Amino acid sequence: MSWTNLLAERRVAREGVDRAEIERYLALVASRLADAALEGLSADGRFTAAYDAARTLAVIAIRACGYRVLVHGGGHKNTFLALRAVPDPRVAGEAAFLDQCRRKRNEASYSSPHISRVEAEDLLEKAREFLLSVQDWLEREHPELTARDRADAATKAEHGGRPAGV
Amino acid sequence: MRTAKLLDALMPRTRQQVLGALLLRPDRGWFGRELARHLGLQPSSLQRELAALTEAGILTQRREGKQVYYQADPSCPILGELQGLLLKTAGLVDVLRKHLKPLAPDIACAFVYGSVARAEELSDSDVDLFLIGDVKPSALANGLEQASQRLARTVNPTVLSSQEFARCVRAKDRFVLSVLERPKLFVQGSSHELDELAGGAAGRPGRRRSS
């Protein structure tokens, strides 16, 4: 689904973003990934933490494109629909699996409460990979939003580089 | 909208199974005994269905030696519509099998459970897939998304390793035992293999209904 269609269906709204917001999200991702790695937690607890980390990473990618996810029709569902519109195949390519995890989390919350160990560990592994993909993409396409390339971002802005928000 | 037992309202179960096997593999011909074995039916119960469907122009038959082969008739004017209908219902298992094929060597057992397997499916119900083996759920995602699109139903997998499955059975995990006790549509493996994976601790798993 394109950004135009997502806007028309009121699944996202246009909204700019700054580096401080992205850093807050990244701190949350780090915290949830650490939770998901705790061996003492149940599979369900680890899965939920890893899911939160991955969903927050999807939010980062969407915010970097200049959009905010709306809750109309389901905020989490909209997040993974919008993730498919992010113009990077490695980042957008995680949408099918993360949407599968969204449905699993819903099931676990409302009907059949069963998360297996392999499901929790796989999601954690994928969330860690997703973090690297999102960071690589941000540094390449939106360096103004990353702390690491602040100087590059300033240079890019001076020379009329593409602003955040596409 | 609740549309329970959608295909049951339209035709008997045996005819559903015959059409599901033949119309969704239109390139393949089956002889009666082979089809009966595939569907878990008595050859005698198939003959009337095969004759009626051939007479109606939905199937063709051809003789090769002593065998009579039956196949979907490509000139049937409603073949596409029937295939679409069956894909959403009786053709489910074959579609799932196709999309799981790349991972088949790592799958010990896979089956559909829930309302679809209980033949209580609603027109919009999800397909619940239980999978035991050395498979990562993330490796399933793209294939199952394609299967979901083809079936016009969401496929929701639950994945356990063989060891975790056996452990859940021993610990009498409520969810796992409830799945074992209920009807299933096997996509890979059989009730016998499932029983072995359960280590005999599951009691008698739900009866195999198809495939």
# chains A, B, ... in the order shown; residues from 1 in each chain; ligands from 1
>>> residues_around(residues="Arg63 in chain B", least_positions_apart="5", cutoff="12 Å", atoms="only C-alpha atoms", output="ChimeraX atom specification")
/B:29-32,68-71
>>> interface_residues(of="chain B", to="chain A", cutoff="10 Å", atoms="only C-alpha atoms", output="PyMOL selection string")
chain B and resi 134-146+154-161+164-165+168+173-176
>>> closest_residue(among="B:Ala9, B:Leu53, B:Leu82, B:Val93", to="Gln188 in chain B", atoms="only C-alpha atoms")
B:Val93
>>> residues_around(residues="Leu35 in chain B", least_positions_apart="4", cutoff="12 Å", atoms="only C-alpha atoms", output="list in words")
Thr14, Gln17, Val18, Leu19, Gly20, Ala21, Leu22, Arg28, Gly29, Trp30, Phe31, Leu39, Gly40, Leu41, Gln42, Pro43, Ser44, Ser45, Leu46, Gln47, Glu49, Leu50, Val68, Tyr69, Tyr70, Gln71 and Ser211 of chain B
>>> write_last_selection(atoms="N, CA and C atoms", output="compact mmCIF listing (two decimals), in the first residue's frame")
# COMPACT_ATOMS: atom_id res chain seq x y z
N THR B 14 -17.82 -36.03 0.37
CA THR B 14 -17.00 -36.82 -0.57
C THR B 14 -16.78 -36.04 -1.87
N GLN B 17 -14.17 -33.40 -1.45
CA GLN B 17 -12.80 -33.93 -1.44
C GLN B 17 -12.32 -34.27 -2.85
N VAL B 18 -13.24 -34.87 -3.63
CA VAL B 18 -12.88 -35.24 -5.01
C VAL B 18 -12.57 -33.98 -5.81
N LEU B 19 -13.45 -32.99 -5.71
CA LEU B 19 -13.23 -31.76 -6.47
C LEU B 19 -11.99 -31.02 -5.99
N GLY B 20 -11.79 -31.02 -4.67
CA GLY B 20 -10.61 -30.35 -4.12
C GLY B 20 -9.32 -30.95 -4.67
N ALA B 21 -9.28 -32.28 -4.76
CA ALA B 21 -8.06 -32.94 -5.24
C ALA B 21 -7.89 -32.76 -6.75
N LEU B 22 -8.97 -32.91 -7.51
CA LEU B 22 -8.83 -32.90 -8.97
C LEU B 22 -8.81 -31.50 -9.57
N ARG B 28 -3.04 -32.93 -13.34
CA ARG B 28 -2.77 -34.30 -12.92
C ARG B 28 -4.01 -35.19 -13.09
N GLY B 29 -3.81 -36.37 -13.64
CA GLY B 29 -4.87 -37.36 -13.71
C GLY B 29 -4.72 -38.37 -12.58
N TRP B 30 -5.84 -38.86 -12.08
CA TRP B 30 -5.82 -39.84 -10.98
C TRP B 30 -6.64 -41.06 -11.41
N PHE B 31 -6.15 -42.25 -11.06
CA PHE B 31 -7.04 -43.39 -11.23
C PHE B 31 -7.73 -43.63 -9.89
N LEU B 39 -7.34 -39.67 -0.59
CA LEU B 39 -8.39 -39.00 0.20
C LEU B 39 -8.80 -39.79 1.44
N GLY B 40 -8.29 -41.01 1.58
CA GLY B 40 -8.67 -41.84 2.74
C GLY B 40 -10.10 -42.32 2.64
N LEU B 41 -10.55 -42.64 1.40
CA LEU B 41 -11.93 -43.09 1.19
C LEU B 41 -11.94 -44.48 0.58
N GLN B 42 -13.09 -45.14 0.68
CA GLN B 42 -13.26 -46.44 0.01
C GLN B 42 -13.42 -46.21 -1.49
N PRO B 43 -12.72 -47.00 -2.33
CA PRO B 43 -12.85 -46.82 -3.79
C PRO B 43 -14.30 -46.88 -4.26
N SER B 44 -15.10 -47.76 -3.64
CA SER B 44 -16.49 -47.91 -4.08
C SER B 44 -17.29 -46.62 -3.88
N SER B 45 -16.96 -45.87 -2.80
CA SER B 45 -17.73 -44.65 -2.53
C SER B 45 -17.38 -43.53 -3.52
N LEU B 46 -16.26 -43.68 -4.19
CA LEU B 46 -15.84 -42.64 -5.14
C LEU B 46 -16.50 -42.77 -6.50
N GLN B 47 -16.83 -44.01 -6.86
CA GLN B 47 -17.24 -44.26 -8.24
C GLN B 47 -18.44 -43.42 -8.67
N GLU B 49 -19.46 -40.57 -7.50
CA GLU B 49 -19.09 -39.15 -7.60
C GLU B 49 -18.32 -38.89 -8.90
N LEU B 50 -17.38 -39.77 -9.19
CA LEU B 50 -16.56 -39.59 -10.40
C LEU B 50 -17.44 -39.67 -11.64
N VAL B 68 -8.54 -46.38 -15.48
CA VAL B 68 -9.29 -45.23 -15.98
C VAL B 68 -8.84 -44.01 -15.16
N TYR B 69 -8.32 -43.02 -15.87
CA TYR B 69 -7.83 -41.82 -15.20
C TYR B 69 -8.87 -40.71 -15.27
N TYR B 70 -9.00 -39.96 -14.19
CA TYR B 70 -9.93 -38.83 -14.12
C TYR B 70 -9.12 -37.55 -13.92
N GLN B 71 -9.58 -36.51 -14.57
CA GLN B 71 -8.85 -35.24 -14.53
C GLN B 71 -9.85 -34.10 -14.73
N SER B 211 -6.38 -35.62 3.73
CA SER B 211 -5.08 -35.53 3.07
C SER B 211 -4.13 -36.65 3.32
>>> select_by_dssp(residues="range 51-207 of chain B", states="strand (DSSP E)", output="PyMOL selection string")
chain B and resi 59-64+67-72+107-113+127-133+155-160+185-188
>>> residues_around(residues="Asp88 in chain A", least_positions_apart="3", cutoff="10 Å", atoms="only C-alpha atoms", output="list of chain:residue names")
A:Ala61, A:Leu83, A:Arg84, A:Ala85, A:Val91, A:Ala92, A:Gly93, A:Ser133, A:Val134, A:Trp137, A:Glu141
>>> select_by_dssp(residues="range 72-139 of chain A", states="alpha helix (DSSP H)", output="count of residues only")
52
>>> atom_distance(atom1="CA of Tyr25 in chain A", atom2="CA of Val69 in chain A")
14.3 Å
>>> closest_residue(among="A:Arg19, A:Ala8, A:Val29, A:Leu124", to="Leu57 in chain A", atoms="only C-alpha atoms")
A:Val29
>>> residues_around(residues="Tyr113 in chain B", least_positions_apart="4", cutoff="7 Å", atoms="only C-alpha atoms", output="PyMOL selection string")
chain B and resi 117+128-129+179+183-185
>>> residues_around(residues="Arg32 in chain A", least_positions_apart="2", cutoff="8 Å", atoms="only C-alpha atoms", output="PyMOL selection string")
chain A and resi 28-30+34-36+49-50+52-53
>>> write_last_selection(atoms="N, CA, C and O atoms", output="PDB file, in the first residue's frame")
ATOM      1  N   LEU A  28      14.187   3.153  23.780  1.00  0.00           N
ATOM      2  CA  LEU A  28      13.113   2.208  24.124  1.00  0.00           C
ATOM      3  C   LEU A  28      13.375   0.838  23.494  1.00  0.00           C
ATOM      4  O   LEU A  28      13.188  -0.204  24.132  1.00  0.00           O
ATOM      5  N   VAL A  29      13.841   0.859  22.246  1.00  0.00           N
ATOM      6  CA  VAL A  29      14.167  -0.393  21.552  1.00  0.00           C
ATOM      7  C   VAL A  29      15.250  -1.152  22.324  1.00  0.00           C
ATOM      8  O   VAL A  29      15.128  -2.353  22.571  1.00  0.00           O
ATOM      9  N   ALA A  30      16.302  -0.438  22.730  1.00  0.00           N
ATOM     10  CA  ALA A  30      17.400  -1.078  23.464  1.00  0.00           C
ATOM     11  C   ALA A  30      16.887  -1.702  24.762  1.00  0.00           C
ATOM     12  O   ALA A  30      17.260  -2.830  25.124  1.00  0.00           O
ATOM     13  N   ALA A  34      16.742  -5.738  25.642  1.00  0.00           N
ATOM     14  CA  ALA A  34      17.398  -6.274  26.847  1.00  0.00           C
ATOM     15  C   ALA A  34      16.406  -7.123  27.643  1.00  0.00           C
ATOM     16  O   ALA A  34      16.749  -8.207  28.142  1.00  0.00           O
ATOM     17  N   ASP A  35      15.164  -6.653  27.751  1.00  0.00           N
ATOM     18  CA  ASP A  35      14.122  -7.429  28.453  1.00  0.00           C
ATOM     19  C   ASP A  35      13.905  -8.775  27.762  1.00  0.00           C
ATOM     20  O   ASP A  35      13.787  -9.814  28.416  1.00  0.00           O
ATOM     21  N   ALA A  36      13.837  -8.729  26.434  1.00  0.00           N
ATOM     22  CA  ALA A  36      13.544  -9.954  25.673  1.00  0.00           C
ATOM     23  C   ALA A  36      14.655 -10.989  25.797  1.00  0.00           C
ATOM     24  O   ALA A  36      14.427 -12.180  25.579  1.00  0.00           O
ATOM     25  N   ALA A  49       8.211  -8.513  24.701  1.00  0.00           N
ATOM     26  CA  ALA A  49       9.271  -7.496  24.730  1.00  0.00           C
ATOM     27  C   ALA A  49       9.934  -7.355  23.355  1.00  0.00           C
ATOM     28  O   ALA A  49      10.182  -6.240  22.875  1.00  0.00           O
ATOM     29  N   ALA A  50      10.212  -8.487  22.717  1.00  0.00           N
ATOM     30  CA  ALA A  50      10.843  -8.441  21.389  1.00  0.00           C
ATOM     31  C   ALA A  50       9.892  -7.816  20.365  1.00  0.00           C
ATOM     32  O   ALA A  50      10.320  -7.069  19.477  1.00  0.00           O
ATOM     33  N   ASP A  52       7.588  -5.557  21.021  1.00  0.00           N
ATOM     34  CA  ASP A  52       7.579  -4.101  21.283  1.00  0.00           C
ATOM     35  C   ASP A  52       8.787  -3.439  20.629  1.00  0.00           C
ATOM     36  O   ASP A  52       8.678  -2.353  20.050  1.00  0.00           O
ATOM     37  N   ALA A  53       9.951  -4.097  20.752  1.00  0.00           N
ATOM     38  CA  ALA A  53      11.174  -3.543  20.153  1.00  0.00           C
ATOM     39  C   ALA A  53      11.029  -3.446  18.636  1.00  0.00           C
ATOM     40  O   ALA A  53      11.326  -2.410  18.034  1.00  0.00           O
TER      41      ALA A  53
END
